[in-house]
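S.K.: Structure supplied as protein27.txt; contents: compact mmCIF, C-alpha atoms and all ligand atoms.
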```
# COMPACT_ATOMS: atom_id res chain seq x y z
CA MET Z 784 72.20 78.38 109.19
CA ALA Z 785 71.88 77.72 112.89
CA ARG Z 786 74.19 79.82 115.01
CA ALA Z 787 76.78 77.88 116.98
CA ARG Z 788 76.19 77.61 120.70
CA LEU Z 789 79.09 77.96 123.06
CA GLU Z 790 79.27 75.01 125.39
CA PRO Z 791 81.94 74.37 128.00
CA VAL Z 792 82.83 71.05 126.43
CA TYR Z 793 86.26 69.63 125.80
CA ASN Z 794 86.90 66.58 123.73
CA PRO Z 795 90.03 65.03 125.24
CA VAL Z 796 90.62 62.72 122.28
CA LEU Z 797 91.35 65.43 119.78
CA MET Z 798 94.32 67.80 119.94
CA PRO Z 799 93.07 70.52 117.67
CA TRP Z 800 94.84 73.12 115.54
CA PHE Z 801 92.59 75.54 113.76
CA SER Z 802 91.88 78.87 112.13
CA TYR Z 803 88.51 80.29 111.15
CA HIS Z 804 89.35 83.62 109.62
CA GLY Z 805 91.29 83.17 106.41
CA GLY Z 806 91.52 80.73 103.55
CA HIS Z 807 91.27 83.51 101.00
CA SER Z 808 92.64 82.32 97.66
CA GLY Z 809 93.72 83.95 94.40
CA GLN Z 810 91.05 81.89 92.70
CA PHE Z 811 88.25 83.94 94.27
CA CYS Z 812 89.95 87.01 95.77
CA HIS Z 813 92.11 89.31 93.66
CA HIS Z 814 94.41 90.42 96.47
CA ALA Z 815 95.16 86.79 97.45
CA ARG Z 816 97.17 84.07 95.69
CA ASP Z 817 96.97 80.41 94.68
CA SER Z 818 94.02 78.09 94.15
CA LEU Z 819 91.66 77.29 96.98
CA GLU Z 820 92.62 73.62 96.71
CA ALA Z 821 96.32 74.50 97.15
CA VAL Z 822 95.39 76.49 100.27
CA VAL Z 823 93.51 73.48 101.66
CA GLU Z 824 96.41 71.13 100.86
CA ARG Z 825 98.76 73.51 102.66
CA ALA Z 826 96.43 73.57 105.69
CA ILE Z 827 96.67 69.77 105.85
CA GLU Z 828 100.45 69.89 105.39
CA VAL Z 829 101.01 72.31 108.29
CA GLY Z 830 98.92 70.21 110.65
CA PHE Z 831 95.48 71.82 110.90
CA THR Z 832 92.72 69.56 112.16
CA HIS Z 833 90.04 72.21 111.48
CA TYR Z 834 90.31 74.96 108.90
CA GLY Z 835 87.77 77.64 108.16
CA LEU Z 836 87.40 79.21 104.74
CA SER Z 837 85.91 82.68 105.06
CA GLU Z 838 86.12 84.39 101.68
CA HIS Z 839 85.19 88.07 101.52
CA CYS Z 840 81.54 88.59 100.67
CA PRO Z 841 80.82 90.35 97.38
CA ARG Z 842 80.54 94.13 97.30
CA TYR Z 843 77.54 95.50 95.50
CA ARG Z 844 78.52 99.01 94.48
CA THR Z 845 81.23 100.09 92.07
CA GLU Z 846 82.57 102.61 94.61
CA HIS Z 847 83.21 99.78 97.08
CA LEU Z 848 85.38 97.68 94.76
CA PHE Z 849 89.02 97.23 95.78
CA SER Z 850 91.58 98.97 93.56
CA ASP Z 851 92.85 95.66 92.13
CA GLU Z 852 89.31 94.79 91.11
CA VAL Z 853 88.86 98.16 89.42
CA GLU Z 854 92.14 97.68 87.55
CA LEU Z 855 90.90 94.32 86.28
CA GLY Z 856 87.72 95.97 85.01
CA LEU Z 857 85.47 93.94 87.33
CA ASP Z 858 82.00 95.00 88.36
CA PRO Z 859 79.74 93.96 91.27
CA ALA Z 860 78.03 91.31 89.12
CA ALA Z 861 81.42 89.67 88.49
CA LEU Z 862 82.15 89.62 92.22
CA GLN Z 863 78.80 87.98 92.84
CA ARG Z 864 79.58 85.24 90.30
CA GLU Z 865 83.03 84.69 91.80
CA PHE Z 866 81.56 84.39 95.29
CA GLU Z 867 79.05 81.80 94.11
CA ALA Z 868 81.89 79.87 92.48
CA TYR Z 869 83.82 80.09 95.77
CA VAL Z 870 80.95 78.55 97.69
CA ALA Z 871 80.57 75.69 95.22
CA GLU Z 872 84.31 74.93 95.23
CA ALA Z 873 84.61 75.22 99.02
CA LEU Z 874 81.73 72.79 99.58
CA ALA Z 875 83.27 70.35 97.08
CA LEU Z 876 86.67 70.58 98.81
CA ARG Z 877 85.06 70.06 102.21
CA GLN Z 878 83.83 66.72 100.96
CA ARG Z 879 86.92 65.77 98.94
CA TYR Z 880 89.30 66.24 101.89
CA ALA Z 881 86.94 65.11 104.66
CA ASP Z 882 89.19 62.21 105.67
CA GLN Z 883 92.19 64.53 106.15
CA ILE Z 884 90.86 67.75 107.60
CA GLU Z 885 87.60 69.22 108.85
CA LEU Z 886 86.90 72.19 106.60
CA LEU Z 887 84.32 74.73 107.72
CA ILE Z 888 82.80 76.92 105.05
CA GLY Z 889 81.96 80.50 105.84
CA PHE Z 890 82.34 84.03 104.60
CA GLU Z 891 83.55 87.34 105.96
CA THR Z 892 81.06 90.18 106.15
CA GLU Z 893 81.22 93.84 105.25
CA ARG Z 894 79.07 96.62 106.65
CA LEU Z 895 78.23 97.48 103.07
CA PRO Z 896 76.20 98.72 101.31
CA PRO Z 897 75.90 101.35 104.08
CA GLU Z 898 72.07 101.48 104.04
CA SER Z 899 71.28 97.80 103.52
CA TRP Z 900 74.20 95.74 104.84
CA ALA Z 901 72.13 93.86 107.42
CA GLU Z 902 69.60 92.47 104.93
CA THR Z 903 72.37 91.87 102.42
CA MET Z 904 74.54 89.89 104.83
CA ARG Z 905 71.56 87.85 106.03
CA ALA Z 906 70.65 87.09 102.43
CA ILE Z 907 74.19 85.84 101.76
CA ARG Z 908 74.11 83.72 104.91
CA ASP Z 909 70.85 82.13 103.79
CA SER Z 910 72.00 81.61 100.20
CA ALA Z 911 74.15 78.53 100.90
CA PRO Z 912 74.69 75.92 103.61
CA PHE Z 913 77.42 77.93 105.37
CA ASP Z 914 78.87 76.53 108.57
CA TYR Z 915 79.60 79.94 110.07
CA MET Z 916 80.08 83.64 109.51
CA VAL Z 917 82.96 85.96 110.39
CA GLY Z 918 81.54 89.36 111.30
CA SER Z 919 83.98 92.06 110.21
CA VAL Z 920 83.84 95.79 109.59
CA HIS Z 921 86.43 97.26 107.21
CA ASP Z 922 84.89 100.67 106.55
CA VAL Z 923 83.52 103.78 108.17
CA ASP Z 924 80.88 105.57 106.09
CA GLY Z 925 81.80 103.52 103.04
CA VAL Z 926 85.54 104.32 103.20
CA PHE Z 927 87.88 101.38 103.87
CA VAL Z 928 90.03 101.89 106.95
CA ASP Z 929 92.44 99.01 106.25
CA TYR Z 930 93.47 100.01 102.74
CA SER Z 931 96.18 102.62 103.31
CA GLU Z 932 97.46 104.86 106.06
CA VAL Z 933 96.91 107.93 103.86
CA GLN Z 934 93.26 107.07 103.30
CA THR Z 935 92.66 106.36 106.99
CA LEU Z 936 94.32 109.62 108.07
CA ALA Z 937 92.29 111.58 105.52
CA LEU Z 938 89.13 110.03 106.93
CA ALA Z 939 90.19 110.92 110.50
CA GLU Z 940 90.71 114.49 109.35
CA ARG Z 941 87.22 114.54 107.88
CA PHE Z 942 85.83 113.48 111.26
CA GLY Z 943 88.00 115.99 113.12
CA SER Z 944 90.26 113.53 114.96
CA ILE Z 945 91.53 109.95 115.10
CA GLU Z 946 89.55 109.54 118.31
CA VAL Z 947 86.27 110.34 116.56
CA LEU Z 948 87.12 107.96 113.73
CA GLN Z 949 87.98 105.19 116.20
CA THR Z 950 84.73 105.82 118.06
CA ARG Z 951 82.74 105.64 114.83
CA TYR Z 952 84.49 102.39 113.95
CA PHE Z 953 83.74 100.70 117.27
CA GLU Z 954 80.13 101.88 117.14
CA ALA Z 955 79.87 100.24 113.73
CA VAL Z 956 81.41 96.99 115.02
CA ALA Z 957 79.04 96.90 118.02
CA ASP Z 958 76.10 97.50 115.72
CA LEU Z 959 77.14 94.72 113.34
CA VAL Z 960 77.74 92.31 116.21
CA GLU Z 961 74.34 93.02 117.76
CA THR Z 962 72.55 92.84 114.44
CA LEU Z 963 74.16 89.78 112.84
CA ARG Z 964 75.45 87.85 115.86
CA PRO Z 965 78.37 86.42 113.85
CA ASP Z 966 79.92 83.18 115.10
CA VAL Z 967 83.41 84.69 114.90
CA VAL Z 968 83.89 88.41 115.51
CA GLY Z 969 86.71 89.41 113.18
CA HIS Z 970 89.73 91.58 114.11
CA ILE Z 971 87.70 93.91 116.34
CA ASP Z 972 90.34 96.67 116.48
CA LEU Z 973 91.28 96.72 112.80
CA ILE Z 974 90.98 100.51 112.96
CA ARG Z 975 94.50 100.72 114.47
CA LYS Z 976 96.08 98.73 111.62
CA PHE Z 977 98.47 101.56 110.70
CA ASP Z 978 99.21 102.74 114.26
CA GLY Z 979 102.32 100.55 114.61
CA PRO Z 980 103.62 98.58 117.60
CA GLU Z 981 102.74 101.36 120.07
CA ALA Z 982 99.05 101.37 119.14
CA CYS Z 983 96.67 102.11 121.98
CA PHE Z 984 93.25 103.63 122.55
CA SER Z 985 92.35 106.53 124.83
CA PRO Z 986 90.07 105.88 127.84
CA LYS Z 987 87.31 107.67 125.93
CA VAL Z 988 87.61 105.25 123.02
CA MET Z 989 87.94 102.23 125.32
CA VAL Z 990 84.38 102.93 126.49
CA HIS Z 991 83.29 102.08 122.94
CA VAL Z 992 85.54 99.01 122.84
CA ASP Z 993 83.77 97.85 125.99
CA ARG Z 994 80.47 98.26 124.24
CA VAL Z 995 81.69 95.93 121.49
CA LEU Z 996 82.79 93.39 124.10
CA GLU Z 997 79.41 93.62 125.86
CA ALA Z 998 77.72 92.98 122.52
CA VAL Z 999 79.91 89.92 121.89
CA ARG Z 1000 79.30 88.57 125.37
CA GLY Z 1001 75.59 89.28 124.99
CA PHE Z 1002 75.07 86.42 122.58
CA GLY Z 1003 78.06 84.17 123.32
CA GLY Z 1004 80.17 85.24 120.33
CA VAL Z 1005 83.84 84.33 120.00
CA LEU Z 1006 86.67 86.76 119.24
CA ASP Z 1007 89.06 86.24 116.36
CA VAL Z 1008 92.67 86.54 117.56
CA ASN Z 1009 94.17 87.45 114.23
CA CYS Z 1010 97.78 87.76 113.05
CA GLY Z 1011 97.11 89.20 109.58
CA ALA Z 1012 98.63 92.66 110.05
CA HIS Z 1013 101.12 91.48 112.66
CA ARG Z 1014 102.64 89.05 110.18
CA ARG Z 1015 103.36 91.96 107.85
CA GLY Z 1016 105.12 93.79 110.67
CA LEU Z 1017 102.38 96.40 110.95
CA SER Z 1018 101.09 95.95 114.49
CA PRO Z 1019 100.44 93.55 117.39
CA VAL Z 1020 97.92 90.77 116.77
CA TYR Z 1021 94.27 91.80 116.94
CA PRO Z 1022 92.94 92.55 119.49
CA LEU Z 1023 95.45 94.55 121.57
CA PRO Z 1024 96.54 92.96 124.89
CA GLU Z 1025 94.45 95.41 126.91
CA ILE Z 1026 91.31 94.46 124.99
CA LEU Z 1027 92.07 90.76 125.22
CA GLU Z 1028 92.53 91.05 128.99
CA ARG Z 1029 89.15 92.75 129.31
CA ALA Z 1030 87.58 90.05 127.13
CA ARG Z 1031 89.10 87.37 129.36
CA ALA Z 1032 87.76 89.07 132.50
CA MET Z 1033 84.33 89.08 130.81
CA GLU Z 1034 84.72 85.37 130.01
CA ILE Z 1035 84.43 85.92 126.26
CA GLY Z 1036 85.80 83.01 124.23
CA VAL Z 1037 88.64 83.42 121.75
CA THR Z 1038 89.69 81.51 118.66
CA LEU Z 1039 92.48 81.71 116.07
CA GLY Z 1040 92.55 83.39 112.66
CA ASP Z 1041 95.58 83.31 110.34
CA ASP Z 1042 93.86 85.63 107.83
CA SER Z 1043 95.68 83.67 105.14
CA HIS Z 1044 95.61 85.04 101.61
CA GLY Z 1045 97.39 82.17 99.86
CA VAL Z 1046 99.57 79.12 100.52
CA ALA Z 1047 102.46 81.11 102.01
CA THR Z 1048 100.36 82.54 104.84
CA VAL Z 1049 98.39 79.44 105.87
CA GLY Z 1050 99.05 79.08 109.59
CA ALA Z 1051 101.76 81.75 109.54
CA GLY Z 1052 101.90 83.73 112.79
CA LEU Z 1053 99.40 81.71 114.80
CA ASN Z 1054 101.98 81.03 117.51
CA ASP Z 1055 101.98 84.78 118.20
CA CYS Z 1056 98.20 84.61 118.57
CA MET Z 1057 98.60 81.74 121.03
CA ARG Z 1058 101.12 83.79 123.00
CA ALA Z 1059 98.79 86.81 123.10
CA ILE Z 1060 95.95 84.59 124.33
CA ALA Z 1061 98.11 83.06 127.07
CA ASN Z 1062 99.48 86.47 128.10
CA ALA Z 1063 95.94 87.77 128.53
CA GLY Z 1064 95.35 85.02 131.09
CA TYR Z 1065 93.25 82.64 129.01
CA ARG Z 1066 93.59 78.95 129.79
CA GLU Z 1067 91.37 77.72 126.97
CA VAL Z 1068 90.72 78.48 123.35
CA CYS Z 1069 87.55 77.76 121.39
CA TYR Z 1070 87.29 75.76 118.21
CA LEU Z 1071 84.34 75.22 115.96
CA THR Z 1072 83.37 71.78 114.78
CA ARG Z 1073 80.60 70.39 112.58
CA VAL Z 1074 78.19 68.18 114.41
CA GLY Z 1075 74.88 66.68 113.36
CA GLY Z 1076 74.19 69.04 110.47
CA GLY Z 1077 75.16 72.11 112.50
CA VAL Z 1078 78.21 73.45 114.23
CA GLN Z 1079 79.29 73.72 117.83
CA TRP Z 1080 82.02 75.53 119.71
CA LEU Z 1081 84.27 73.36 121.87
CA ARG Z 1082 87.00 74.47 124.25
CA ALA Z 1083 90.50 73.05 124.51
CA PRO Z 1084 93.21 73.83 127.08
CA LEU Z 1085 95.92 76.00 125.53
CA SER Z 1086 98.52 73.31 126.20
CA ASP Z 1087 96.62 70.87 123.98
CA VAL Z 1088 96.35 73.15 120.97
CA GLY Z 1089 98.93 72.91 118.20
CA PRO Z 1090 99.75 71.50 114.76
CA ARG Z 1091 98.94 67.84 114.22
CA ASN Z 1092 102.50 66.98 113.16
CA ASP Z 1093 104.07 68.84 116.08
CA ARG Z 1094 102.72 66.75 118.95
CA ARG Z 1095 105.65 66.51 121.31
CA ARG Z 1096 103.58 66.88 124.43
ZN ZN X 1101 91.44 89.97 102.02
ZN ZN X 1102 88.97 91.27 107.42
```
If you took the structure in this file and wrote it as structure tokens, what would it be?

M.R.:
Amino acid sequence: MARARLEPVYNPVLMPWFSYHGGHSGQFCHHARDSLEAVVERAIEVGFTHYGLSEHCPRYRTEHLFSDEVELGLDPAALQREFEAYVAEALALRQRYADQIELLIGFETERLPPESWAETMRAIRDSAPFDYMVGSVHDVDGVFVDYSEVQTLALAERFGSIEVLQTRYFEAVADLVETLRPDVVGHIDLIRKFDGPEACFSPKVMVHVDRVLEAVRGFGGVLDVNCGAHRRGLSPVYPLPEILERARAMEIGVTLGDDSHGVATVGAGLNDCMRAIANAGYREVCYLTRVGGGVQWLRAPLSDVGPRNDRRR
């Protein structure tokens, strides 16, 4: 898979509407709903021109299974088979719906297993003709930080403070970004998922956020502006306004992610992402398109971005 290059190109013919982090479905992810085909049909219905499917990668150790997977009696081998089935179905759908929507097929990373995540993620990336990769970290030292507030607080206590946990998280994100150079850098401040609407980071922690942003800028990566937790009333869209403003000052590109986990959440909340992007001072947003056997980032003015069936401009 060739990594997408970021070019300052705008195609004035197309008024795009897009999301690259999401498209999880109950068919291949046990905490999502509906078939992948139903998700794709919904994406067409709500006016997407480009829609990225980025199913969670498999997890390879029993201790890293999600609780719903444990309850179903699944094991890592079952997750591997499901992921392979996801890739086959996604590629088939990409072709089947090609005249209605541009589907981009990817996956979302983990920083797991803790000792061999880099080789493991590269092996996944090379295992199929993926269009792109969403680089995400959901754990610190093998403990998920987006599962429950209780679990995240317990982990902070183990490290001595929330600040130390946040620092460890951002160090992990920077490391993943530098190592894998993912096309889309997923929800970079997921660590504050349970901190509510007043979430903020101390100046000490912001130093580590800056390191993540430097890493993203270093290879021309694009930030996922993601409404997953916001939609559930948990927190502002990722990343926080302060981080987004810094990213804009550093001229780091941004794109949209609905983090959909079924038909009901396809496209839901993306207007809040657009607002956050505009409020941070961005004038353009990046979208990924397939071109000549590879992919390329394009830029569109914010005023030109919106659902296909909502073109009143
Ligand atoms: Zn998920
Ligand atoms: Zn995620």

S.K.: Counting all atoms listed in the file, which residue out of Z:Val967, Z:Val870, Z:Val829, Z:Leu862 sits closest to ligand ZN 1102 (chain X)?

M.R.: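 Answer, going by the shortest atom-to-atom distance: Z:Val967.
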
S.K.: Would you mind listing what lies within 10 Å of Z:His921 as a list of chain:residue names, with all atoms listed in the file counted and same-chain residues fewer than 4 positions away left out?

M.R.: Z:Thr892, Z:Glu893, Z:Arg894, Z:Leu895, Z:Gly925, Z:Val926, Z:Phe927, Z:Val928, Z:Asp929, Z:Tyr930, Z:Tyr952, Z:Ala955, Z:Val956, Z:Gly969, Z:His970, Z:Ile971, Z:Leu973, Z:Ile974

S.K.: Keeping only C-alpha atoms, write the selected residues as a compact mmCIF listing (two decimals), in the coordinates of the input.

M.R.:
```
# COMPACT_ATOMS: atom_id res chain seq x y z
CA THR Z 892 81.06 90.18 106.15
CA GLU Z 893 81.22 93.84 105.25
CA ARG Z 894 79.07 96.62 106.65
CA LEU Z 895 78.23 97.48 103.07
CA GLY Z 925 81.80 103.52 103.04
CA VAL Z 926 85.54 104.32 103.20
CA PHE Z 927 87.88 101.38 103.87
CA VAL Z 928 90.03 101.89 106.95
CA ASP Z 929 92.44 99.01 106.25
CA TYR Z 930 93.47 100.01 102.74
CA TYR Z 952 84.49 102.39 113.95
CA ALA Z 955 79.87 100.24 113.73
CA VAL Z 956 81.41 96.99 115.02
CA GLY Z 969 86.71 89.41 113.18
CA HIS Z 970 89.73 91.58 114.11
CA ILE Z 971 87.70 93.91 116.34
CA LEU Z 973 91.28 96.72 112.80
CA ILE Z 974 90.98 100.51 112.96
```

S.K.: Between Z:Arg1091, Z:Arg1029, Z:Arg1058, Z:His804, which one has atoms that come closest to ligand ZN 1102 (chain X), using only C-alpha atoms and all ligand atoms?

M.R.: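 Ranking Z:Arg1091, Z:Arg1029, Z:Arg1058, Z:His804 by distance to ligand ZN 1102 (chain X), first place goes to Z:His804.
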
S.K.: Measuring atom to atom with only C-alpha atoms, identify which of Z:Trp900, Z:Tyr1065, Z:Phe953, Z:Phe942 is nearest to Z:Ala1032.

M.R.: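 Checking each candidate against Z:Ala1032, we get Z:Tyr1065 as the closest.
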
S.K.: Which residues form the shell of 12 Å around ligand ZN 1101 (chain X) when you count only C-alpha atoms and all ligand atoms, given as a PyMOL selection string?

M.R.: chain Z and resi 804-809+811-816+836-841+849+851+890-893+919+921+929-930+1011-1012+1041-1045+1048

S.K.: Could you write out the selected residues, including C-alpha atoms, as a PDB file, in the frame of the given file?

M.R.:
```pdb
ATOM      1  CA  HIS Z 804      89.350  83.620 109.620  1.00  0.00           C
ATOM      2  CA  GLY Z 805      91.290  83.170 106.410  1.00  0.00           C
ATOM      3  CA  GLY Z 806      91.520  80.730 103.550  1.00  0.00           C
ATOM      4  CA  HIS Z 807      91.270  83.510 101.000  1.00  0.00           C
ATOM      5  CA  SER Z 808      92.640  82.320  97.660  1.00  0.00           C
ATOM      6  CA  GLY Z 809      93.720  83.950  94.400  1.00  0.00           C
ATOM      7  CA  PHE Z 811      88.250  83.940  94.270  1.00  0.00           C
ATOM      8  CA  CYS Z 812      89.950  87.010  95.770  1.00  0.00           C
ATOM      9  CA  HIS Z 813      92.110  89.310  93.660  1.00  0.00           C
ATOM     10  CA  HIS Z 814      94.410  90.420  96.470  1.00  0.00           C
ATOM     11  CA  ALA Z 815      95.160  86.790  97.450  1.00  0.00           C
ATOM     12  CA  ARG Z 816      97.170  84.070  95.690  1.00  0.00           C
ATOM     13  CA  LEU Z 836      87.400  79.210 104.740  1.00  0.00           C
ATOM     14  CA  SER Z 837      85.910  82.680 105.060  1.00  0.00           C
ATOM     15  CA  GLU Z 838      86.120  84.390 101.680  1.00  0.00           C
ATOM     16  CA  HIS Z 839      85.190  88.070 101.520  1.00  0.00           C
ATOM     17  CA  CYS Z 840      81.540  88.590 100.670  1.00  0.00           C
ATOM     18  CA  PRO Z 841      80.820  90.350  97.380  1.00  0.00           C
ATOM     19  CA  PHE Z 849      89.020  97.230  95.780  1.00  0.00           C
ATOM     20  CA  ASP Z 851      92.850  95.660  92.130  1.00  0.00           C
ATOM     21  CA  PHE Z 890      82.340  84.030 104.600  1.00  0.00           C
ATOM     22  CA  GLU Z 891      83.550  87.340 105.960  1.00  0.00           C
ATOM     23  CA  THR Z 892      81.060  90.180 106.150  1.00  0.00           C
ATOM     24  CA  GLU Z 893      81.220  93.840 105.250  1.00  0.00           C
ATOM     25  CA  SER Z 919      83.980  92.060 110.210  1.00  0.00           C
ATOM     26  CA  HIS Z 921      86.430  97.260 107.210  1.00  0.00           C
ATOM     27  CA  ASP Z 929      92.440  99.010 106.250  1.00  0.00           C
ATOM     28  CA  TYR Z 930      93.470 100.010 102.740  1.00  0.00           C
ATOM     29  CA  GLY Z1011      97.110  89.200 109.580  1.00  0.00           C
ATOM     30  CA  ALA Z1012      98.630  92.660 110.050  1.00  0.00           C
ATOM     31  CA  ASP Z1041      95.580  83.310 110.340  1.00  0.00           C
ATOM     32  CA  ASP Z1042      93.860  85.630 107.830  1.00  0.00           C
ATOM     33  CA  SER Z1043      95.680  83.670 105.140  1.00  0.00           C
ATOM     34  CA  HIS Z1044      95.610  85.040 101.610  1.00  0.00           C
ATOM     35  CA  GLY Z1045      97.390  82.170  99.860  1.00  0.00           C
ATOM     36  CA  THR Z1048     100.360  82.540 104.840  1.00  0.00           C
TER      37      THR Z1048
END
```

S.K.: If you measure from atom CA of Z:Arg825 to atom CA of Z:Val1046, what distance in Å do you get, rounded to one decimal?

M.R.: 6.1 Å

S.K.: Residues at most 12 Å from stretch 988-990 of chain Z, counting all atoms listed in the file, excluding those fewer than 4 positions away in the same chain, as a VMD selection string?

M.R.: chain Z and resid 944 to 954 957 972 974 to 975 983 to 984 994 to 997 1023 1025 to 1026 1029

S.K.: What's the separation between atom CA of Z:Asp882 and atom CA of Z:Val1005, in Å to one decimal place?

M.R.: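 Straight-line distance from atom CA of Z:Asp882 to atom CA of Z:Val1005 works out to 26.9 Å.
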
S.K.: For a test of reading the model, state the distance in Å between atom CA of Z:Arg842 and atom CA of Z:Pro896, rounded to one decimal.

M.R.: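 Between atom CA of Z:Arg842 and atom CA of Z:Pro896 the gap is 7.5 Å.
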
S.K.: Could you pull the residues within 8 Å of Z:Arg1000, counting only C-alpha atoms, minus those fewer than 3 positions along the same chain, as a list in words?

M.R.: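 So, after excluding close chain neighbours, the residues are Leu996, Glu997, Gly1003, Gly1004, Met1033, Glu1034 and Ile1035 of chain Z.
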
S.K.: From the list Z:Val822, Z:Val917, Z:Met1057, Z:Leu876, which residue is nearest ligand ZN 1102 (chain X) when using only C-alpha atoms and all ligand atoms?

M.R.: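 Among the listed residues, Z:Val917 lies closest to ligand ZN 1102 (chain X).
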
S.K.: Hey, which of Z:Val920, Z:Ile888, Z:Ala982, Z:Leu959 ends up closest to Z:Glu872? Count all atoms listed in the file.

M.R.: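 Of Z:Val920, Z:Ile888, Z:Ala982, Z:Leu959, the one nearest Z:Glu872, counting all atoms listed in the file, is Z:Ile888.
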
S.K.: Which polymer residues have any atom within 8 Å of an atom of stretch 1067-1075 of chain Z, counting all atoms listed in the file, with same-chain residues fewer than 3 positions away left out, as number ranges by chain?

M.R.: Z: 799, 801, 833, 885, 887, 914, 1005, 1036-1038, 1078-1085

S.K.: Please determine an axis-aligned box that encloses all atoms of stretch 934-940 of chain Z listed in the file, with 4 Å added on each side, and express its centre and edge lengths in Å to one decimal as AutoDock Vina command-line options.

M.R.:
```
--center_x 91.7 --center_y 110.4 --center_z 106.9 --size_x 13.2 --size_y 16.1 --size_z 15.2
```

S.K.: Select, from Z:Asp958, Z:Glu1028, Z:Glu846, Z:Asp858, the residue with the minimum atom-to-atom distance to Z:Ile1060, counting only C-alpha atoms.

M.R.: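 Smallest distance to Z:Ile1060 is found for Z:Glu1028.
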